[in-house]
$ cat model-v8.cif   # mmCIF, C-alpha atoms, pLDDT in the B column; chains and numbers go by the auth columns
data_target
loop_
_atom_site.group_PDB
_atom_site.id
_atom_site.type_symbol
_atom_site.label_atom_id
_atom_site.label_comp_id
_atom_site.label_asym_id
_atom_site.label_seq_id
_atom_site.Cartn_x
_atom_site.Cartn_y
_atom_site.Cartn_z
_atom_site.B_iso_or_equiv
_atom_site.auth_seq_id
_atom_site.auth_asym_id
ATOM 1 C CA MET A 1 2.345 12.958 1.794 59.00 1 A
ATOM 2 C CA LYS A 2 -0.175 15.283 0.207 77.00 2 A
ATOM 3 C CA ASP A 3 -3.773 14.515 1.158 91.00 3 A
ATOM 4 C CA LYS A 4 -5.001 14.178 -2.442 92.00 4 A
ATOM 5 C CA ARG A 5 -2.171 11.818 -3.328 94.00 5 A
ATOM 6 C CA LYS A 6 -2.952 9.680 -0.287 93.00 6 A
ATOM 7 C CA THR A 7 -6.682 9.710 -1.098 95.00 7 A
ATOM 8 C CA ILE A 8 -5.972 8.571 -4.660 96.00 8 A
ATOM 9 C CA ILE A 9 -3.672 5.792 -3.422 94.00 9 A
ATOM 10 C CA GLU A 10 -6.199 4.526 -0.885 92.00 10 A
ATOM 11 C CA SER A 11 -9.114 4.705 -3.336 94.00 11 A
ATOM 12 C CA ALA A 12 -7.177 2.949 -6.090 93.00 12 A
ATOM 13 C CA MET A 13 -6.015 0.225 -3.709 90.00 13 A
ATOM 14 C CA LYS A 14 -9.603 -0.507 -2.660 89.00 14 A
ATOM 15 C CA LEU A 15 -10.776 -0.647 -6.264 92.00 15 A
ATOM 16 C CA PHE A 16 -7.864 -2.876 -7.288 89.00 16 A
ATOM 17 C CA ALA A 17 -8.677 -5.212 -4.382 86.00 17 A
ATOM 18 C CA CYS A 18 -12.337 -5.369 -5.374 87.00 18 A
ATOM 19 C CA LYS A 19 -12.259 -5.304 -9.177 88.00 19 A
ATOM 20 C CA GLY A 20 -8.646 -6.069 -10.024 85.00 20 A
ATOM 21 C CA PHE A 21 -5.913 -3.893 -11.474 87.00 21 A
ATOM 22 C CA TYR A 22 -6.725 -4.509 -15.117 87.00 22 A
ATOM 23 C CA ALA A 23 -10.501 -4.135 -14.723 89.00 23 A
ATOM 24 C CA THR A 24 -10.249 -0.803 -12.878 92.00 24 A
ATOM 25 C CA THR A 25 -10.149 2.351 -14.980 94.00 25 A
ATOM 26 C CA MET A 26 -8.497 5.634 -14.114 95.00 26 A
ATOM 27 C CA GLN A 27 -11.939 7.243 -14.409 96.00 27 A
ATOM 28 C CA GLU A 28 -13.265 4.954 -11.663 96.00 28 A
ATOM 29 C CA ILE A 29 -10.292 5.841 -9.488 96.00 29 A
ATOM 30 C CA ALA A 30 -10.981 9.541 -10.080 96.00 30 A
ATOM 31 C CA GLU A 31 -14.646 9.144 -9.144 96.00 31 A
ATOM 32 C CA GLN A 32 -13.807 7.102 -6.022 95.00 32 A
ATOM 33 C CA SER A 33 -11.158 9.662 -5.018 95.00 33 A
ATOM 34 C CA GLY A 34 -13.343 12.695 -5.642 94.00 34 A
ATOM 35 C CA VAL A 35 -10.841 14.245 -8.046 94.00 35 A
ATOM 36 C CA SER A 36 -10.783 14.736 -11.793 93.00 36 A
ATOM 37 C CA LYS A 37 -9.105 12.175 -14.017 92.00 37 A
ATOM 38 C CA GLY A 38 -6.601 14.844 -15.055 92.00 38 A
ATOM 39 C CA ALA A 39 -5.717 15.484 -11.404 92.00 39 A
ATOM 40 C CA ILE A 40 -4.650 11.867 -11.019 95.00 40 A
ATOM 41 C CA TYR A 41 -2.112 12.373 -13.785 94.00 41 A
ATOM 42 C CA LEU A 42 -0.641 15.315 -11.866 94.00 42 A
ATOM 43 C CA TYR A 43 0.390 12.824 -9.171 94.00 43 A
ATOM 44 C CA PHE A 44 0.943 9.621 -11.191 95.00 44 A
ATOM 45 C CA LYS A 45 2.233 9.169 -14.746 94.00 45 A
ATOM 46 C CA SER A 46 0.174 6.036 -15.366 93.00 46 A
ATOM 47 C CA LYS A 47 -1.825 3.287 -13.714 91.00 47 A
ATOM 48 C CA ASP A 48 1.433 1.304 -13.444 88.00 48 A
ATOM 49 C CA ASP A 49 3.037 4.225 -11.626 92.00 49 A
ATOM 50 C CA LEU A 50 0.022 4.324 -9.315 93.00 50 A
ATOM 51 C CA ILE A 51 0.245 0.613 -8.419 89.00 51 A
ATOM 52 C CA VAL A 52 3.968 0.959 -7.669 88.00 52 A
ATOM 53 C CA SER A 53 3.171 3.971 -5.472 92.00 53 A
ATOM 54 C CA ILE A 54 0.569 1.914 -3.594 90.00 54 A
ATOM 55 C CA PHE A 55 3.165 -0.738 -2.813 87.00 55 A
ATOM 56 C CA HIS A 56 5.713 1.868 -1.702 90.00 56 A
ATOM 57 C CA TYR A 57 3.146 3.660 0.447 91.00 57 A
ATOM 58 C CA TYR A 58 1.953 0.568 2.319 89.00 58 A
ATOM 59 C CA TYR A 59 5.360 -1.059 2.674 87.00 59 A
ATOM 60 C CA ASP A 60 6.782 2.205 4.063 91.00 60 A
ATOM 61 C CA LEU A 61 3.824 2.545 6.422 89.00 61 A
ATOM 62 C CA ILE A 62 4.291 -0.955 7.834 89.00 62 A
ATOM 63 C CA ARG A 63 8.100 -0.755 7.890 90.00 63 A
ATOM 64 C CA THR A 64 8.044 2.541 9.800 93.00 64 A
ATOM 65 C CA LYS A 65 5.763 1.122 12.482 92.00 65 A
ATOM 66 C CA VAL A 66 7.765 -2.098 12.816 90.00 66 A
ATOM 67 C CA TYR A 67 11.106 -0.248 13.019 91.00 67 A
ATOM 68 C CA ALA A 68 9.685 2.075 15.693 92.00 68 A
ATOM 69 C CA VAL A 69 9.571 -0.936 18.000 93.00 69 A
ATOM 70 C CA ASN A 70 13.391 -1.057 17.944 88.00 70 A
ATOM 71 C CA HIS A 71 13.503 2.181 19.937 89.00 71 A
ATOM 72 C CA LYS A 72 11.458 0.777 22.791 91.00 72 A
ATOM 73 C CA ARG A 73 13.139 -0.512 25.914 92.00 73 A
ATOM 74 C CA LEU A 74 12.230 -4.158 25.508 92.00 74 A
ATOM 75 C CA SER A 75 14.101 -7.420 25.603 93.00 75 A
ATOM 76 C CA PRO A 76 14.922 -8.943 22.184 92.00 76 A
ATOM 77 C CA ARG A 77 12.088 -11.444 22.611 95.00 77 A
ATOM 78 C CA GLU A 78 9.612 -8.714 23.579 95.00 78 A
ATOM 79 C CA LYS A 79 10.716 -6.598 20.591 94.00 79 A
ATOM 80 C CA PHE A 80 10.209 -9.534 18.256 93.00 80 A
ATOM 81 C CA MET A 81 6.758 -10.230 19.685 95.00 81 A
ATOM 82 C CA GLU A 82 5.818 -6.545 19.445 94.00 82 A
ATOM 83 C CA GLN A 83 7.037 -6.359 15.832 93.00 83 A
ATOM 84 C CA LEU A 84 4.861 -9.353 14.968 93.00 84 A
ATOM 85 C CA ARG A 85 1.896 -7.777 16.740 94.00 85 A
ATOM 86 C CA VAL A 86 2.390 -4.532 14.801 93.00 86 A
ATOM 87 C CA GLN A 87 2.648 -6.397 11.487 90.00 87 A
ATOM 88 C CA PHE A 88 -0.515 -8.413 12.139 90.00 88 A
ATOM 89 C CA LYS A 89 -2.375 -5.267 13.238 92.00 89 A
ATOM 90 C CA GLU A 90 -1.375 -3.438 10.054 87.00 90 A
ATOM 91 C CA VAL A 91 -2.359 -6.387 7.877 85.00 91 A
ATOM 92 C CA ALA A 92 -5.743 -6.528 9.609 87.00 92 A
ATOM 93 C CA GLU A 93 -6.268 -2.767 9.184 87.00 93 A
ATOM 94 C CA HIS A 94 -5.254 -2.811 5.505 83.00 94 A
ATOM 95 C CA LYS A 95 -6.902 -6.011 4.275 81.00 95 A
ATOM 96 C CA GLU A 96 -7.504 -4.472 0.864 80.00 96 A
ATOM 97 C CA PHE A 97 -3.760 -4.163 0.319 79.00 97 A
ATOM 98 C CA ILE A 98 -3.298 -7.883 0.954 74.00 98 A
ATOM 99 C CA MET A 99 -6.357 -8.770 -1.144 76.00 99 A
ATOM 100 C CA MET A 100 -4.986 -6.669 -3.997 74.00 100 A
ATOM 101 C CA GLN A 101 -1.706 -8.581 -3.893 70.00 101 A
ATOM 102 C CA PHE A 102 -3.379 -11.985 -3.961 67.00 102 A
ATOM 103 C CA ARG A 103 -5.848 -10.963 -6.633 65.00 103 A
ATOM 104 C CA GLU A 104 -3.194 -9.619 -8.973 61.00 104 A
ATOM 105 C CA GLN A 105 -0.400 -12.177 -8.795 55.00 105 A
ATOM 106 C CA ALA A 106 0.534 -11.226 -12.358 47.00 106 A
ATOM 107 C CA LEU A 107 1.730 -7.864 -11.032 55.00 107 A
ATOM 108 C CA ALA A 108 4.971 -9.572 -10.058 57.00 108 A
ATOM 109 C CA LEU A 109 5.856 -9.198 -13.727 52.00 109 A
ATOM 110 C CA ASN A 110 6.593 -5.534 -12.963 62.00 110 A
ATOM 111 C CA GLU A 111 10.266 -5.489 -11.919 68.00 111 A
ATOM 112 C CA GLU A 112 9.902 -2.731 -9.365 65.00 112 A
ATOM 113 C CA ILE A 113 7.011 -4.452 -7.597 62.00 113 A
ATOM 114 C CA ASP A 114 8.848 -7.762 -7.765 63.00 114 A
ATOM 115 C CA HIS A 115 11.865 -6.100 -6.135 63.00 115 A
ATOM 116 C CA LEU A 116 9.707 -4.783 -3.273 60.00 116 A
#

$ encode --input "model-v8.cif" --output "structure tokens"
Amino acid sequence: MKDKRKTIIESAMKLFACKGFYATTMQEIAEQSGVSKGAIYLYFKSKDDLIVSIFHYYYDLIRTKVYAVNHKRLSPREKFMEQLRVQFKEVAEHKEFIMMQFREQALALNEEIDHL
């Protein structure tokens, strides 16, 4: 993933967790990201596209780390325990992502997010 795209995603996620999706403007995201507002639109069509990208980014990040455990030489029980440990570690490291989800329960109205 391009560094600017990742920076925008991480900055937007933190703002959404703190202020909420609807209260956060694209200008605030640009300022937090250190890019111009126009640059955001080079990566994302809209704020809705950005929120969907945040969900994809973090779900893929967690899924990749959890699936990596399957390639370790562990018993089924040890794999399960390690997968849980990895999930809890990722949740702890990305609290803003979880906070954003709880804060914006109305986002489930977006079909793509609901599907995720």

$ closest_residue --input "model-v8.cif" --among "A:Val66, A:Phe44, A:Arg5, A:Ile29" --to "Leu84 (chain A)" --atoms "only C-alpha atoms"
A:Val66

$ closest_residue --input "model-v8.cif" --among "A:Tyr58, A:Leu50, A:Arg63, A:Gly20" --to "Lys95 (chain A)" --atoms "all atoms listed in the file"
A:Tyr58

$ atom_distance --input "model-v8.cif" --atom1 "CA of Phe21 (chain A)" --atom2 "CA of Ala39 (chain A)"
19.4 Å

$ resolve_selection --input "model-v8.cif" --expression "the PyMOL selection byres ((chain A and resi 33) around 9)" --output "NGL selection string"
:A and (4 or 7-12 or 28-32 or 34-36)

$ atom_distance --input "model-v8.cif" --atom1 "CA of Val52 (chain A)" --atom2 "CA of Thr64 (chain A)"
18.0 Å

$ resolve_selection --input "model-v8.cif" --expression "the PyMOL selection byres ((chain A and resi 67) around 12)" --output "VMD selection string"
chain A and resid 59 to 66 68 to 72 79 to 80 82 to 84 86 to 87

$ closest_residue --input "model-v8.cif" --among "A:Glu96, A:Asp3, A:Asp48, A:Glu90" --to "Lys19 (chain A)" --atoms "all atoms listed in the file"
A:Glu96

$ resolve_selection --input "model-v8.cif" --expression "the PyMOL selection byres ((chain A and resi 99) around 10)" --output "PyMOL selection string"
chain A and resi 13-14+16-18+20+94-98+100-104

$ build_atoms --input "model-v8.cif" --residues "region 47-70 of chain A" --atoms "N, CA, C and O atoms" --output "PDB file, keeping the file's coordinate frame"
ATOM      1  N   LYS A  47      -1.254   4.228 -14.680  1.00 91.00           N
ATOM      2  CA  LYS A  47      -1.825   3.287 -13.714  1.00 91.00           C
ATOM      3  C   LYS A  47      -0.709   2.405 -13.137  1.00 91.00           C
ATOM      4  O   LYS A  47      -0.744   2.057 -11.951  1.00 91.00           O
ATOM      5  N   ASP A  48       0.285   2.071 -13.952  1.00 88.00           N
ATOM      6  CA  ASP A  48       1.433   1.304 -13.444  1.00 88.00           C
ATOM      7  C   ASP A  48       2.188   2.086 -12.378  1.00 88.00           C
ATOM      8  O   ASP A  48       2.594   1.534 -11.361  1.00 88.00           O
ATOM      9  N   ASP A  49       2.380   3.371 -12.616  1.00 92.00           N
ATOM     10  CA  ASP A  49       3.037   4.225 -11.626  1.00 92.00           C
ATOM     11  C   ASP A  49       2.219   4.273 -10.340  1.00 92.00           C
ATOM     12  O   ASP A  49       2.775   4.243  -9.234  1.00 92.00           O
ATOM     13  N   LEU A  50       0.915   4.306 -10.475  1.00 93.00           N
ATOM     14  CA  LEU A  50       0.022   4.324  -9.315  1.00 93.00           C
ATOM     15  C   LEU A  50       0.141   3.033  -8.502  1.00 93.00           C
ATOM     16  O   LEU A  50       0.262   3.081  -7.276  1.00 93.00           O
ATOM     17  N   ILE A  51       0.149   1.884  -9.159  1.00 89.00           N
ATOM     18  CA  ILE A  51       0.245   0.613  -8.419  1.00 89.00           C
ATOM     19  C   ILE A  51       1.594   0.512  -7.692  1.00 89.00           C
ATOM     20  O   ILE A  51       1.657   0.059  -6.555  1.00 89.00           O
ATOM     21  N   VAL A  52       2.656   0.970  -8.327  1.00 88.00           N
ATOM     22  CA  VAL A  52       3.968   0.959  -7.669  1.00 88.00           C
ATOM     23  C   VAL A  52       3.942   1.881  -6.454  1.00 88.00           C
ATOM     24  O   VAL A  52       4.463   1.541  -5.391  1.00 88.00           O
ATOM     25  N   SER A  53       3.284   3.032  -6.592  1.00 92.00           N
ATOM     26  CA  SER A  53       3.171   3.971  -5.472  1.00 92.00           C
ATOM     27  C   SER A  53       2.368   3.382  -4.320  1.00 92.00           C
ATOM     28  O   SER A  53       2.673   3.636  -3.152  1.00 92.00           O
ATOM     29  N   ILE A  54       1.351   2.586  -4.637  1.00 90.00           N
ATOM     30  CA  ILE A  54       0.569   1.914  -3.594  1.00 90.00           C
ATOM     31  C   ILE A  54       1.468   0.974  -2.803  1.00 90.00           C
ATOM     32  O   ILE A  54       1.453   0.974  -1.570  1.00 90.00           O
ATOM     33  N   PHE A  55       2.264   0.180  -3.501  1.00 87.00           N
ATOM     34  CA  PHE A  55       3.165  -0.738  -2.813  1.00 87.00           C
ATOM     35  C   PHE A  55       4.168   0.017  -1.947  1.00 87.00           C
ATOM     36  O   PHE A  55       4.390  -0.347  -0.789  1.00 87.00           O
ATOM     37  N   HIS A  56       4.761   1.075  -2.490  1.00 90.00           N
ATOM     38  CA  HIS A  56       5.713   1.868  -1.702  1.00 90.00           C
ATOM     39  C   HIS A  56       5.038   2.467  -0.467  1.00 90.00           C
ATOM     40  O   HIS A  56       5.594   2.421   0.629  1.00 90.00           O
ATOM     41  N   TYR A  57       3.859   3.017  -0.649  1.00 91.00           N
ATOM     42  CA  TYR A  57       3.146   3.660   0.447  1.00 91.00           C
ATOM     43  C   TYR A  57       2.880   2.673   1.590  1.00 91.00           C
ATOM     44  O   TYR A  57       3.184   2.950   2.753  1.00 91.00           O
ATOM     45  N   TYR A  58       2.309   1.513   1.260  1.00 89.00           N
ATOM     46  CA  TYR A  58       1.953   0.568   2.319  1.00 89.00           C
ATOM     47  C   TYR A  58       3.164  -0.139   2.914  1.00 89.00           C
ATOM     48  O   TYR A  58       3.217  -0.378   4.119  1.00 89.00           O
ATOM     49  N   TYR A  59       4.152  -0.456   2.108  1.00 87.00           N
ATOM     50  CA  TYR A  59       5.360  -1.059   2.674  1.00 87.00           C
ATOM     51  C   TYR A  59       6.067  -0.075   3.603  1.00 87.00           C
ATOM     52  O   TYR A  59       6.538  -0.450   4.679  1.00 87.00           O
ATOM     53  N   ASP A  60       6.149   1.200   3.207  1.00 91.00           N
ATOM     54  CA  ASP A  60       6.782   2.205   4.063  1.00 91.00           C
ATOM     55  C   ASP A  60       5.992   2.406   5.354  1.00 91.00           C
ATOM     56  O   ASP A  60       6.574   2.551   6.432  1.00 91.00           O
ATOM     57  N   LEU A  61       4.677   2.399   5.246  1.00 89.00           N
ATOM     58  CA  LEU A  61       3.824   2.545   6.422  1.00 89.00           C
ATOM     59  C   LEU A  61       4.086   1.421   7.426  1.00 89.00           C
ATOM     60  O   LEU A  61       4.313   1.667   8.615  1.00 89.00           O
ATOM     61  N   ILE A  62       4.075   0.199   6.955  1.00 89.00           N
ATOM     62  CA  ILE A  62       4.291  -0.955   7.834  1.00 89.00           C
ATOM     63  C   ILE A  62       5.724  -0.972   8.364  1.00 89.00           C
ATOM     64  O   ILE A  62       5.946  -1.175   9.561  1.00 89.00           O
ATOM     65  N   ARG A  63       6.687  -0.736   7.485  1.00 90.00           N
ATOM     66  CA  ARG A  63       8.100  -0.755   7.890  1.00 90.00           C
ATOM     67  C   ARG A  63       8.373   0.286   8.971  1.00 90.00           C
ATOM     68  O   ARG A  63       9.058  -0.001   9.959  1.00 90.00           O
ATOM     69  N   THR A  64       7.832   1.478   8.819  1.00 93.00           N
ATOM     70  CA  THR A  64       8.044   2.541   9.800  1.00 93.00           C
ATOM     71  C   THR A  64       7.524   2.131  11.179  1.00 93.00           C
ATOM     72  O   THR A  64       8.198   2.334  12.190  1.00 93.00           O
ATOM     73  N   LYS A  65       6.350   1.532  11.207  1.00 92.00           N
ATOM     74  CA  LYS A  65       5.763   1.122  12.482  1.00 92.00           C
ATOM     75  C   LYS A  65       6.526  -0.043  13.112  1.00 92.00           C
ATOM     76  O   LYS A  65       6.702  -0.090  14.326  1.00 92.00           O
ATOM     77  N   VAL A  66       7.001  -0.962  12.295  1.00 90.00           N
ATOM     78  CA  VAL A  66       7.765  -2.098  12.816  1.00 90.00           C
ATOM     79  C   VAL A  66       9.124  -1.624  13.340  1.00 90.00           C
ATOM     80  O   VAL A  66       9.556  -2.023  14.420  1.00 90.00           O
ATOM     81  N   TYR A  67       9.797  -0.749  12.587  1.00 91.00           N
ATOM     82  CA  TYR A  67      11.106  -0.248  13.019  1.00 91.00           C
ATOM     83  C   TYR A  67      11.005   0.619  14.273  1.00 91.00           C
ATOM     84  O   TYR A  67      11.955   0.707  15.042  1.00 91.00           O
ATOM     85  N   ALA A  68       9.867   1.249  14.490  1.00 92.00           N
ATOM     86  CA  ALA A  68       9.685   2.075  15.693  1.00 92.00           C
ATOM     87  C   ALA A  68       9.791   1.236  16.955  1.00 92.00           C
ATOM     88  O   ALA A  68      10.181   1.738  18.016  1.00 92.00           O
ATOM     89  N   VAL A  69       9.483  -0.036  16.849  1.00 93.00           N
ATOM     90  CA  VAL A  69       9.571  -0.936  18.000  1.00 93.00           C
ATOM     91  C   VAL A  69      11.019  -1.060  18.478  1.00 93.00           C
ATOM     92  O   VAL A  69      11.275  -1.225  19.674  1.00 93.00           O
ATOM     93  N   ASN A  70      11.975  -0.935  17.578  1.00 88.00           N
ATOM     94  CA  ASN A  70      13.391  -1.057  17.944  1.00 88.00           C
ATOM     95  C   ASN A  70      13.826  -0.011  18.959  1.00 88.00           C
ATOM     96  O   ASN A  70      14.803  -0.211  19.674  1.00 88.00           O
TER      97      ASN A  70
END
